[in-house]
>>> print(open('entry-v9.csv').read())   # CSV, C-alpha atoms and all ligand atoms
chain,number,residue,atom,x,y,z
A,62,MET,CA,123.9,123.7,137.8
A,63,ALA,CA,121.5,121.1,138.9
A,64,GLU,CA,120.0,117.8,138.4
A,65,ILE,CA,116.2,118.0,138.5
A,66,THR,CA,114.3,115.1,140.0
A,67,LEU,CA,110.5,114.8,139.9
A,68,ARG,CA,109.2,112.3,142.4
A,69,GLY,CA,105.7,111.0,142.6
A,70,LEU,CA,104.4,114.2,141.0
A,71,ALA,CA,100.7,114.8,140.4
A,72,HIS,CA,98.8,117.9,139.8
A,73,SER,CA,95.2,118.9,139.6
A,74,TYR,CA,93.9,122.4,139.0
A,75,SER,CA,90.8,121.3,141.0
A,76,LYS,CA,91.1,121.7,144.8
A,77,THR,CA,89.1,118.5,145.3
A,78,PRO,CA,89.8,116.2,142.4
A,79,THR,CA,87.7,113.0,142.4
A,80,ALA,CA,88.4,111.3,139.1
A,81,SER,CA,91.8,110.7,137.4
A,82,ASP,CA,90.8,112.8,134.4
A,83,GLU,CA,90.9,115.8,136.7
A,84,TYR,CA,94.6,115.6,136.9
A,85,ALA,CA,96.8,117.5,134.5
A,86,ILE,CA,99.9,115.5,135.7
A,87,ARG,CA,99.4,111.9,136.8
A,88,GLN,CA,102.0,110.0,138.9
A,89,LEU,CA,105.1,111.2,137.2
A,90,ASP,CA,108.7,110.2,138.2
A,91,HIS,CA,111.5,111.6,136.1
A,92,VAL,CA,115.1,112.8,136.3
A,93,TRP,CA,116.6,115.6,134.1
A,94,HIS,CA,120.4,115.2,134.4
A,95,GLN,CA,122.7,118.2,134.8
A,96,GLY,CA,123.8,119.6,131.4
A,97,GLY,CA,121.3,117.7,129.2
A,98,ALA,CA,119.6,119.1,126.1
A,99,TYR,CA,116.1,117.8,126.5
A,100,ALA,CA,112.8,118.1,124.8
A,101,LEU,CA,109.4,117.6,126.3
A,102,LEU,CA,107.2,116.5,123.4
A,103,GLY,CA,103.5,116.0,123.4
A,104,PRO,CA,100.2,117.2,122.0
A,105,SER,CA,98.4,120.3,123.1
A,106,GLY,CA,96.8,119.9,126.6
A,107,CYS,CA,98.9,116.9,127.7
A,108,GLY,CA,100.4,118.8,130.6
A,109,LYS,CA,103.7,120.2,129.3
A,110,SER,CA,103.3,123.8,130.5
A,111,THR,CA,101.9,122.6,133.8
A,112,LEU,CA,105.1,120.5,134.3
A,113,LEU,CA,107.4,123.3,133.4
A,114,ASN,CA,105.6,125.7,135.8
A,115,ILE,CA,106.0,123.1,138.5
A,116,ILE,CA,109.7,122.9,137.9
A,117,SER,CA,110.2,126.7,137.8
A,118,GLY,CA,108.0,127.2,140.9
A,119,LEU,CA,105.2,129.2,139.3
A,120,LEU,CA,102.9,126.3,140.3
A,121,GLU,CA,103.0,124.1,143.5
A,122,PRO,CA,102.2,120.5,142.7
A,123,SER,CA,99.2,118.9,144.5
A,124,GLU,CA,101.3,115.8,145.2
A,125,GLY,CA,105.0,114.7,145.1
A,126,ASP,CA,108.3,116.4,145.2
A,127,VAL,CA,110.6,118.6,143.1
A,128,LEU,CA,114.3,118.1,144.0
A,129,PHE,CA,117.3,120.1,142.7
A,130,ASP,CA,120.5,118.2,143.4
A,131,GLY,CA,118.6,116.0,145.9
A,132,GLN,CA,117.2,119.0,147.9
A,133,ARG,CA,113.4,119.4,148.0
A,134,VAL,CA,112.5,122.8,146.6
A,135,ASN,CA,108.6,122.6,146.6
A,136,GLU,CA,108.4,125.6,149.0
A,137,LEU,CA,111.0,127.7,147.2
A,138,PRO,CA,109.6,130.6,145.2
A,139,PRO,CA,110.6,130.9,141.5
A,140,GLU,CA,113.2,133.7,142.1
A,141,GLU,CA,115.1,131.5,144.5
A,142,ARG,CA,115.2,128.5,142.2
A,143,ASN,CA,117.8,129.9,139.8
A,144,ILE,CA,115.8,128.9,136.8
A,145,ALA,CA,115.2,130.9,133.6
A,146,GLN,CA,111.9,130.4,131.8
A,147,VAL,CA,111.1,131.5,128.3
A,148,PHE,CA,107.4,131.5,127.4
A,149,GLN,CA,105.5,131.0,124.2
A,150,PHE,CA,104.8,134.8,123.8
A,151,PRO,CA,107.4,137.5,124.5
A,152,VAL,CA,107.7,138.8,128.0
A,153,ILE,CA,109.5,142.1,127.6
A,154,TYR,CA,109.3,145.7,128.7
A,155,ASP,CA,108.0,147.7,125.7
A,156,THR,CA,109.2,151.1,126.9
A,157,MET,CA,112.8,149.9,127.5
A,158,THR,CA,115.5,149.5,124.8
A,159,VAL,CA,116.6,146.1,123.7
A,160,TYR,CA,119.8,146.6,125.7
A,161,ASP,CA,118.0,147.5,128.9
A,162,ASN,CA,115.7,144.5,128.5
A,163,LEU,CA,118.6,142.2,128.2
A,164,ALA,CA,120.4,143.8,131.1
A,165,PHE,CA,117.3,143.8,133.3
A,166,PRO,CA,117.7,140.3,134.9
A,167,LEU,CA,121.4,141.1,135.7
A,168,ARG,CA,120.7,144.6,137.1
A,169,ASN,CA,118.1,142.9,139.2
A,170,MET,CA,120.9,140.9,140.8
A,171,ASN,CA,122.9,144.1,141.4
A,172,ILE,CA,125.6,143.1,138.9
A,173,PRO,CA,127.7,146.2,138.1
A,174,GLU,CA,127.4,147.7,134.6
A,175,TYR,CA,131.0,146.9,133.6
A,176,ARG,CA,130.4,143.2,134.2
A,177,LEU,CA,127.0,142.9,132.7
A,178,ASP,CA,127.9,144.9,129.5
A,179,PRO,CA,130.0,142.1,127.9
A,180,LYS,CA,127.4,139.5,128.7
A,181,VAL,CA,124.5,141.6,127.2
A,182,ARG,CA,126.6,142.1,124.1
A,183,GLU,CA,127.5,138.4,123.8
A,184,VAL,CA,123.9,137.3,124.0
A,185,ALA,CA,122.8,140.1,121.6
A,186,ASP,CA,125.5,138.8,119.2
A,187,ILE,CA,124.4,135.2,119.4
A,188,LEU,CA,120.8,136.2,118.7
A,189,ASP,CA,121.6,138.8,115.9
A,190,LEU,CA,120.2,141.6,118.0
A,191,THR,CA,123.3,143.8,118.0
A,192,PRO,CA,122.0,146.3,115.5
A,193,LEU,CA,118.8,146.7,117.5
A,194,LEU,CA,120.3,147.3,121.0
A,195,LYS,CA,119.3,150.9,121.1
A,196,ARG,CA,115.8,150.4,119.7
A,197,LYS,CA,112.8,150.6,122.0
A,198,ALA,CA,111.3,147.1,122.3
A,199,LYS,CA,107.8,148.3,121.4
A,200,ASN,CA,109.0,149.0,117.8
A,201,LEU,CA,110.2,145.5,117.2
A,202,THR,CA,108.6,142.8,115.1
A,203,ALA,CA,107.1,139.7,116.8
A,204,ASP,CA,110.2,137.7,115.9
A,205,GLU,CA,112.5,140.3,117.3
A,206,LYS,CA,110.5,140.6,120.5
A,207,GLN,CA,110.7,136.9,121.1
A,208,LYS,CA,114.4,136.9,120.5
A,209,VAL,CA,114.8,139.6,123.2
A,210,SER,CA,112.6,137.4,125.4
A,211,MET,CA,114.9,134.5,124.8
A,212,GLY,CA,117.9,136.7,125.4
A,213,ARG,CA,116.6,137.6,128.8
A,214,GLY,CA,116.5,133.9,129.6
A,215,LEU,CA,120.0,133.3,128.3
A,216,VAL,CA,121.8,136.3,129.8
A,217,ARG,CA,122.3,134.9,133.4
A,218,ASP,CA,125.0,132.4,133.6
A,219,ASP,CA,124.2,131.4,137.2
A,220,VAL,CA,121.1,129.6,136.3
A,221,SER,CA,120.6,125.9,137.0
A,222,ALA,CA,118.4,125.3,134.0
A,223,ILE,CA,116.6,127.1,131.2
A,224,LEU,CA,113.0,126.1,130.4
A,225,PHE,CA,111.6,126.9,127.0
A,226,ASP,CA,107.9,126.7,126.6
A,227,GLU,CA,107.2,126.5,122.8
A,228,PRO,CA,109.3,129.6,122.4
A,229,LEU,CA,109.4,129.6,118.6
A,230,THR,CA,105.6,129.5,118.0
A,231,VAL,CA,105.5,133.2,116.9
A,232,ILE,CA,108.8,133.0,114.9
A,233,ASP,CA,108.7,132.6,111.2
A,234,PRO,CA,109.7,129.2,109.9
A,235,GLN,CA,113.1,130.1,108.3
A,236,LEU,CA,114.3,131.9,111.5
A,237,LYS,CA,113.0,129.0,113.6
A,238,TRP,CA,115.6,126.7,112.1
A,239,LYS,CA,118.4,129.2,112.8
A,240,LEU,CA,117.3,129.9,116.4
A,241,ARG,CA,117.1,126.2,117.2
A,242,ARG,CA,120.7,125.8,116.1
A,243,LYS,CA,121.7,128.8,118.2
A,244,LEU,CA,120.1,127.3,121.2
A,245,LYS,CA,122.0,124.1,120.6
A,246,GLU,CA,125.2,126.1,120.3
A,247,ILE,CA,124.5,127.9,123.5
A,248,HIS,CA,123.8,124.6,125.2
A,249,GLU,CA,127.2,123.3,124.1
A,250,ARG,CA,129.0,126.4,125.1
A,251,PHE,CA,127.5,126.8,128.6
A,252,ASN,CA,126.6,123.3,129.7
A,253,ILE,CA,123.3,124.4,131.1
A,254,THR,CA,120.4,121.9,131.5
A,255,MET,CA,117.8,122.9,129.0
A,256,ILE,CA,114.3,121.6,128.7
A,257,TYR,CA,112.6,122.6,125.5
A,258,VAL,CA,108.8,122.1,125.2
A,259,THR,CA,107.2,121.5,121.8
A,260,HIS,CA,104.5,119.6,120.1
A,261,ASP,CA,106.6,119.2,116.9
A,262,GLN,CA,108.7,116.0,116.7
A,263,LEU,CA,111.1,117.6,114.2
A,264,GLU,CA,111.7,120.5,116.5
A,265,ALA,CA,112.3,118.1,119.4
A,266,SER,CA,114.7,115.9,117.6
A,267,THR,CA,116.8,118.7,116.1
A,268,PHE,CA,117.3,120.3,119.5
A,269,ALA,CA,117.4,117.5,122.0
A,270,ASP,CA,119.7,114.6,122.7
A,271,LYS,CA,116.9,112.9,124.6
A,272,ILE,CA,113.1,113.4,124.3
A,273,ALA,CA,110.5,112.9,127.0
A,274,VAL,CA,107.2,112.1,125.2
A,275,MET,CA,104.3,113.2,127.3
A,276,TYR,CA,100.7,111.9,126.9
A,277,ASP,CA,97.7,112.5,129.1
A,278,GLY,CA,99.7,113.8,132.0
A,279,GLN,CA,102.4,111.2,132.0
A,280,VAL,CA,105.9,110.7,130.5
A,281,VAL,CA,105.3,107.6,128.5
A,282,GLN,CA,108.8,107.3,127.1
A,283,PHE,CA,112.2,109.0,127.6
A,284,GLY,CA,114.8,108.2,124.9
A,285,THR,CA,116.9,109.3,122.0
A,286,PRO,CA,115.0,110.2,118.8
A,287,ARG,CA,116.3,106.9,117.4
A,288,GLU,CA,114.9,104.9,120.3
A,289,LEU,CA,111.5,106.5,120.0
A,290,PHE,CA,111.4,105.6,116.4
A,291,GLU,CA,112.8,102.1,116.7
A,292,LYS,CA,111.3,100.9,119.9
A,293,PRO,CA,108.2,103.0,120.9
A,294,ALA,CA,107.4,102.0,124.5
A,295,HIS,CA,103.8,103.1,124.2
A,296,THR,CA,101.3,103.1,121.3
A,297,PHE,CA,101.1,106.8,121.6
A,298,VAL,CA,104.8,107.2,120.9
A,299,GLY,CA,104.4,104.9,117.8
A,300,TYR,CA,101.6,106.9,116.5
A,301,PHE,CA,103.0,110.4,117.4
A,302,ILE,CA,106.6,109.8,116.2
A,303,GLY,CA,107.3,109.1,112.5
A,304,SER,CA,105.6,110.3,109.4
A,305,PRO,CA,103.2,108.7,109.0
A,306,GLY,CA,103.0,107.0,112.5
A,307,MET,CA,103.0,103.3,113.3
A,308,ASN,CA,100.2,101.0,112.0
A,309,PHE,CA,98.4,99.1,114.7
A,310,MET,CA,96.2,96.0,114.5
A,311,GLU,CA,94.0,94.9,117.4
A,312,VAL,CA,94.6,91.2,117.6
A,313,SER,CA,93.4,88.1,119.5
A,314,HIS,CA,94.5,84.5,119.8
A,315,HIS,CA,92.5,81.7,118.1
A,316,ALA,CA,93.5,78.0,117.4
A,317,GLY,CA,97.2,78.6,117.8
A,318,SER,CA,97.3,81.7,115.7
A,319,VAL,CA,97.4,85.5,116.2
A,320,MET,CA,94.3,86.8,114.5
A,321,PHE,CA,93.6,90.2,113.1
A,322,GLY,CA,89.8,89.9,112.5
A,323,ASP,CA,89.5,86.7,110.4
A,324,GLN,CA,93.0,87.1,109.1
A,325,PRO,CA,95.8,85.0,110.7
A,326,VAL,CA,99.0,87.1,111.0
A,327,PRO,CA,102.4,85.4,111.0
A,328,VAL,CA,104.3,86.6,114.1
A,329,ALA,CA,107.5,85.5,116.0
A,330,SER,CA,106.9,82.7,118.4
A,331,ALA,CA,107.6,84.9,121.5
A,332,ILE,CA,104.8,87.2,120.4
A,333,ASN,CA,102.5,84.3,119.7
A,334,GLN,CA,103.1,83.0,123.2
A,335,ARG,CA,102.5,86.4,124.8
A,336,VAL,CA,99.2,86.9,122.9
A,337,ALA,CA,98.1,83.5,124.0
A,338,ALA,CA,98.9,84.2,127.6
A,339,ALA,CA,97.6,87.7,127.8
A,340,SER,CA,94.9,88.4,130.4
A,341,SER,CA,93.9,91.7,128.9
A,342,SER,CA,91.9,91.9,125.7
A,343,ASN,CA,93.6,95.2,124.7
A,344,ILE,CA,96.3,93.6,122.5
A,345,LYS,CA,97.8,95.4,119.5
A,346,LEU,CA,100.5,94.6,117.0
A,347,GLY,CA,102.5,97.6,115.7
A,348,ILE,CA,104.5,98.0,112.6
A,349,ARG,CA,106.1,101.1,111.1
A,350,PRO,CA,105.2,102.1,107.5
A,351,GLU,CA,108.9,101.9,106.6
A,352,PHE,CA,109.1,98.2,107.3
A,353,ILE,CA,106.1,96.9,105.4
A,354,VAL,CA,107.2,95.0,102.2
A,355,VAL,CA,104.7,95.2,99.4
A,356,SER,CA,104.7,93.1,96.3
A,357,SER,CA,102.3,92.4,93.4
A,358,THR,CA,103.0,88.7,93.7
A,359,PRO,CA,102.2,86.4,96.6
A,360,SER,CA,104.9,84.9,98.9
A,361,ALA,CA,105.0,82.7,102.0
A,362,ASN,CA,104.3,85.3,104.8
A,363,ALA,CA,102.5,87.9,102.7
A,364,LEU,CA,98.9,88.9,103.2
A,365,PRO,CA,96.4,89.9,100.5
A,366,ILE,CA,95.7,93.7,100.5
A,367,GLN,CA,93.5,96.1,98.7
A,368,VAL,CA,95.4,99.2,97.3
A,369,VAL,CA,93.6,102.4,98.1
A,370,ALA,CA,96.1,105.1,96.9
A,371,LEU,CA,99.7,105.5,95.9
A,372,GLN,CA,101.2,108.9,96.3
A,373,ASP,CA,104.6,109.8,94.9
A,374,LEU,CA,106.3,112.0,97.5
A,375,GLY,CA,109.6,112.5,95.8
A,376,THR,CA,112.1,110.4,97.8
A,377,TYR,CA,109.5,107.8,98.6
A,378,SER,CA,106.0,106.7,97.8
A,379,LEU,CA,103.2,106.4,100.3
A,380,LEU,CA,100.9,103.5,99.8
A,381,SER,CA,97.5,103.4,101.5
A,382,PHE,CA,95.9,100.0,101.6
A,383,THR,CA,93.3,98.0,103.5
A,384,LEU,CA,93.7,94.7,105.2
A,385,ALA,CA,90.8,93.0,106.9
A,386,GLY,CA,88.9,96.3,106.4
A,387,GLN,CA,91.4,98.5,108.2
A,388,LEU,CA,93.5,101.3,106.6
A,389,PHE,CA,97.3,100.9,106.7
A,390,LYS,CA,100.2,103.1,105.4
A,391,ALA,CA,103.4,101.8,103.9
A,392,ARG,CA,106.4,103.8,102.8
A,393,LEU,CA,107.8,102.3,99.6
A,394,PRO,CA,111.2,103.1,98.2
A,395,GLU,CA,111.6,105.2,95.1
A,396,GLY,CA,111.4,103.4,91.9
A,397,HIS,CA,109.3,100.4,93.1
A,398,ALA,CA,107.1,98.6,90.5
A,399,SER,CA,103.6,100.0,89.9
A,400,MET,CA,100.7,97.8,91.2
A,401,GLY,CA,97.1,97.1,90.6
A,402,ASP,CA,94.2,97.2,93.0
A,403,SER,CA,95.2,94.0,94.7
A,404,ALA,CA,98.7,93.3,96.1
A,405,PHE,CA,100.5,91.5,99.0
A,406,ALA,CA,102.0,92.9,102.1
A,407,GLU,CA,104.6,91.2,104.3
A,408,PHE,CA,105.1,92.4,107.9
A,409,PRO,CA,108.7,91.3,108.6
A,410,LEU,CA,108.6,89.4,112.0
A,411,GLN,CA,111.6,91.3,113.5
A,412,HIS,CA,109.8,94.6,112.9
A,413,MET,CA,106.6,93.8,114.7
A,414,ALA,CA,106.0,95.0,118.2
A,415,LEU,CA,103.4,93.8,120.7
A,416,TYR,CA,101.5,96.2,122.9
A,417,ILE,CA,99.3,95.1,125.8
A,418,ASP,CA,97.2,97.8,127.4
A,419,GLU,CA,99.1,100.3,125.2
A,420,TYR,CA,102.5,99.4,126.5
A,421,LEU,CA,105.3,97.6,124.6
A,422,VAL,CA,105.8,94.0,126.0
A,423,GLU,CA,107.7,92.2,123.2
A,424,VAL,CA,109.4,92.9,119.9
A,425,GLY,CA,109.7,90.3,117.2
A,426,HIS,CA,112.7,88.2,116.4
A,427,GLU,CA,113.5,86.3,113.3
A,501,LIG,P1,100.1,121.8,127.3
A,501,LIG,O1,101.1,122.8,127.8
A,501,LIG,O2,100.7,120.4,127.1
A,501,LIG,O3,99.3,122.2,126.2
A,501,LIG,P2,98.8,122.4,129.9
A,501,LIG,O4,99.8,122.0,130.9
A,501,LIG,O5,98.7,123.8,129.5
A,501,LIG,O6,99.1,121.5,128.6
A,501,LIG,O7,97.4,121.8,130.3
A,501,LIG,C1,97.2,120.5,130.8
A,501,LIG,C2,95.7,120.4,131.2
A,501,LIG,O8,95.4,121.2,132.3
A,501,LIG,C3,94.7,120.8,130.2
A,501,LIG,O9,93.6,119.9,130.2
A,501,LIG,C4,94.3,122.2,130.5
A,501,LIG,O10,93.0,122.5,130.1
A,501,LIG,C5,94.4,122.2,132.0
A,501,LIG,N1,94.8,123.5,132.5
A,501,LIG,C6,95.9,124.2,132.2
A,501,LIG,N2,96.0,125.3,132.9
A,501,LIG,C7,94.9,125.4,133.7
A,501,LIG,C8,94.4,126.3,134.7
A,501,LIG,N3,95.1,127.4,135.0
A,501,LIG,N4,93.2,126.0,135.3
A,501,LIG,C9,92.6,124.9,135.0
A,501,LIG,N5,93.0,123.9,134.1
A,501,LIG,C10,94.1,124.2,133.5
A,502,MG,MG,101.6,124.7,126.9
>>> encode(input="entry-v9.csv", output="structure tokens")
Amino acid sequence: MAEITLRGLAHSYSKTPTASDEYAIRQLDHVWHQGGAYALLGPSGCGKSTLLNIISGLLEPSEGDVLFDGQRVNELPPEERNIAQVFQFPVIYDTMTVYDNLAFPLRNMNIPEYRLDPKVREVADILDLTPLLKRKAKNLTADEKQKVSMGRGLVRDDVSAILFDEPLTVIDPQLKWKLRRKLKEIHERFNITMIYVTHDQLEASTFADKIAVMYDGQVVQFGTPRELFEKPAHTFVGYFIGSPGMNFMEVSHHAGSVMFGDQPVPVASAINQRVAAASSSNIKLGIRPEFIVVSSTPSANALPIQVVALQDLGTYSLLSFTLAGQLFKARLPEGHASMGDSAFAEFPLQHMALYIDEYLVEVGHE
């Protein structure tokens, strides 16, 4: 069991990096607490696998420290770190039976057969592999092979943590759901720290209690699925989490008002003051599609919009509209009134968030 701390971590695959874009991991500080069910979520290429491989010891970071329970482990090889890692594609021995594949990590540790047998059977049972135990691995389907691969990660109960690197990529969608639930069950039963890498927000939020969102080599927010939705700390989180993502307006300050192009936008006074005082010109207002209120009649804080499309998606409708020439999305409740080409949109003050240089600095208040 271990708490995993990453301190001042940076990694470049180049021996002599000169520019910041040559770093796969940039200045990262993070703590994974003992026993947590975590997801590491981010788009392809943002550094997720690099980070996992640094934790497991397959890769030595160019800068910074990896600590297990406060002890620096940078120099420890993977086999001495007591960490199990499950990869995107199955890592199994084709010529061995399923049973022998599952037993392999335990036999490697010289655990006697009478002790490893119940463990192998328990893991096989959890993953529905019992009927396949005597089969040679090479005859399995891709799904089954990946389950064996996961089983090899789960069979040791001495591990400090299990790292999963997009393990369900090759699994069919129906089974994915079931396996994710199994992993959660296993987590609850054994109290092992688990870090689950994915680029899929739904997968992350069904597995994890807390999600680290990674973007361009950095963890830009670490929070519960709800926190990521309600209070995105970085514009990337706003855009990446939610369906569709947050709307953003690049704004400036003019004659006492916050301006989106030529359009004054009503905002809370705290936001107005922040925009007025900002030294950067990278200033954005964010609002989630769920919170935009659309009406066919004008009202005090509502802005005139042009309707582009209205799609009925069953439990809600998705409205695409333009304001000051930019496209926005709003989620409208089922059964709202139909509307013509022109309508009015209100951005409730308490649901507006202000981002300066892409980071959240203020949320609106009524
Ligand atoms: P992710 O797992 O989030 O898709 P990776 O950690 O695999 O991202 O990659 C992060 C960045 O590092 C990418 O720009 C990728 O091209 C680069 N990279 C990954 N592995 C290597 C490698 N072995 N050599 C050089 N560059 C690499
Ligand atoms: Mg990867």
>>> residues_near_ligand(input="entry-v9.csv", ligand="ligand LIG 501 (chain A)", cutoff="10 Å", atoms="all atoms listed in the file", output="ChimeraX atom specification")
/A:72-75,82-86,101-115,120,149,226-227,258-260,275-278
>>> atom_distance(input="entry-v9.csv", atom1="atom CA of A:Phe301", atom2="atom CA of A:Leu421")
14.9 Å
>>> closest_residue(input="entry-v9.csv", among="A:Leu410, A:Ile348, A:Leu224, A:Val280", to="A:Gly303", atoms="all atoms listed in the file")
A:Ile348
>>> residues_around(input="entry-v9.csv", residues="stretch 186-190 of chain A", least_positions_apart="6", cutoff="9 Å", atoms="only C-alpha atoms", output="PyMOL selection string")
chain A and resi 159+205+208-209+211-212+240+243+247
>>> closest_residue(input="entry-v9.csv", among="A:Phe150, A:Tyr175, A:Tyr416, A:Trp238", to="ligand MG 502 (chain A)", atoms="all atoms listed in the file")
A:Phe150
>>> atom_distance(input="entry-v9.csv", atom1="atom CA of A:Gln262", atom2="atom CA of A:Glu121")
28.6 Å
>>> residues_around(input="entry-v9.csv", residues="stretch 352-362 of chain A", least_positions_apart="2", cutoff="9 Å", atoms="only C-alpha atoms", output="JSON list (two decimals) with C-alpha atoms, in the coordinates of the input")
[["chain", "number", "residue", "atom", "x", "y", "z"],
["A", 326, "VAL", "CA", 99.00, 87.10, 111.00],
["A", 327, "PRO", "CA", 102.40, 85.40, 111.00],
["A", 348, "ILE", "CA", 104.50, 98.00, 112.60],
["A", 349, "ARG", "CA", 106.10, 101.10, 111.10],
["A", 350, "PRO", "CA", 105.20, 102.10, 107.50],
["A", 364, "LEU", "CA", 98.90, 88.90, 103.20],
["A", 365, "PRO", "CA", 96.40, 89.90, 100.50],
["A", 390, "LYS", "CA", 100.20, 103.10, 105.40],
["A", 391, "ALA", "CA", 103.40, 101.80, 103.90],
["A", 392, "ARG", "CA", 106.40, 103.80, 102.80],
["A", 393, "LEU", "CA", 107.80, 102.30, 99.60],
["A", 398, "ALA", "CA", 107.10, 98.60, 90.50],
["A", 399, "SER", "CA", 103.60, 100.00, 89.90],
["A", 400, "MET", "CA", 100.70, 97.80, 91.20],
["A", 401, "GLY", "CA", 97.10, 97.10, 90.60],
["A", 403, "SER", "CA", 95.20, 94.00, 94.70],
["A", 404, "ALA", "CA", 98.70, 93.30, 96.10],
["A", 405, "PHE", "CA", 100.50, 91.50, 99.00],
["A", 406, "ALA", "CA", 102.00, 92.90, 102.10],
["A", 407, "GLU", "CA", 104.60, 91.20, 104.30],
["A", 408, "PHE", "CA", 105.10, 92.40, 107.90],
["A", 409, "PRO", "CA", 108.70, 91.30, 108.60],
["A", 412, "HIS", "CA", 109.80, 94.60, 112.90],
["A", 413, "MET", "CA", 106.60, 93.80, 114.70]]
>>> closest_residue(input="entry-v9.csv", among="A:Val147, A:Leu289, A:Leu193, A:Val134", to="ligand MG 502 (chain A)", atoms="all atoms listed in the file")
A:Val147
>>> atom_distance(input="entry-v9.csv", atom1="atom CA of A:Leu371", atom2="atom CA of A:Gly306")
17.0 Å
>>> closest_residue(input="entry-v9.csv", among="A:Thr376, A:Asn333, A:Gln411, A:Thr230", to="ligand MG 502 (chain A)", atoms="all atoms listed in the file")
A:Thr230
>>> closest_residue(input="entry-v9.csv", among="A:Gly214, A:Pro325, A:Pro228, A:Gly97", to="ligand MG 502 (chain A)", atoms="only C-alpha atoms and all ligand atoms")
A:Pro228
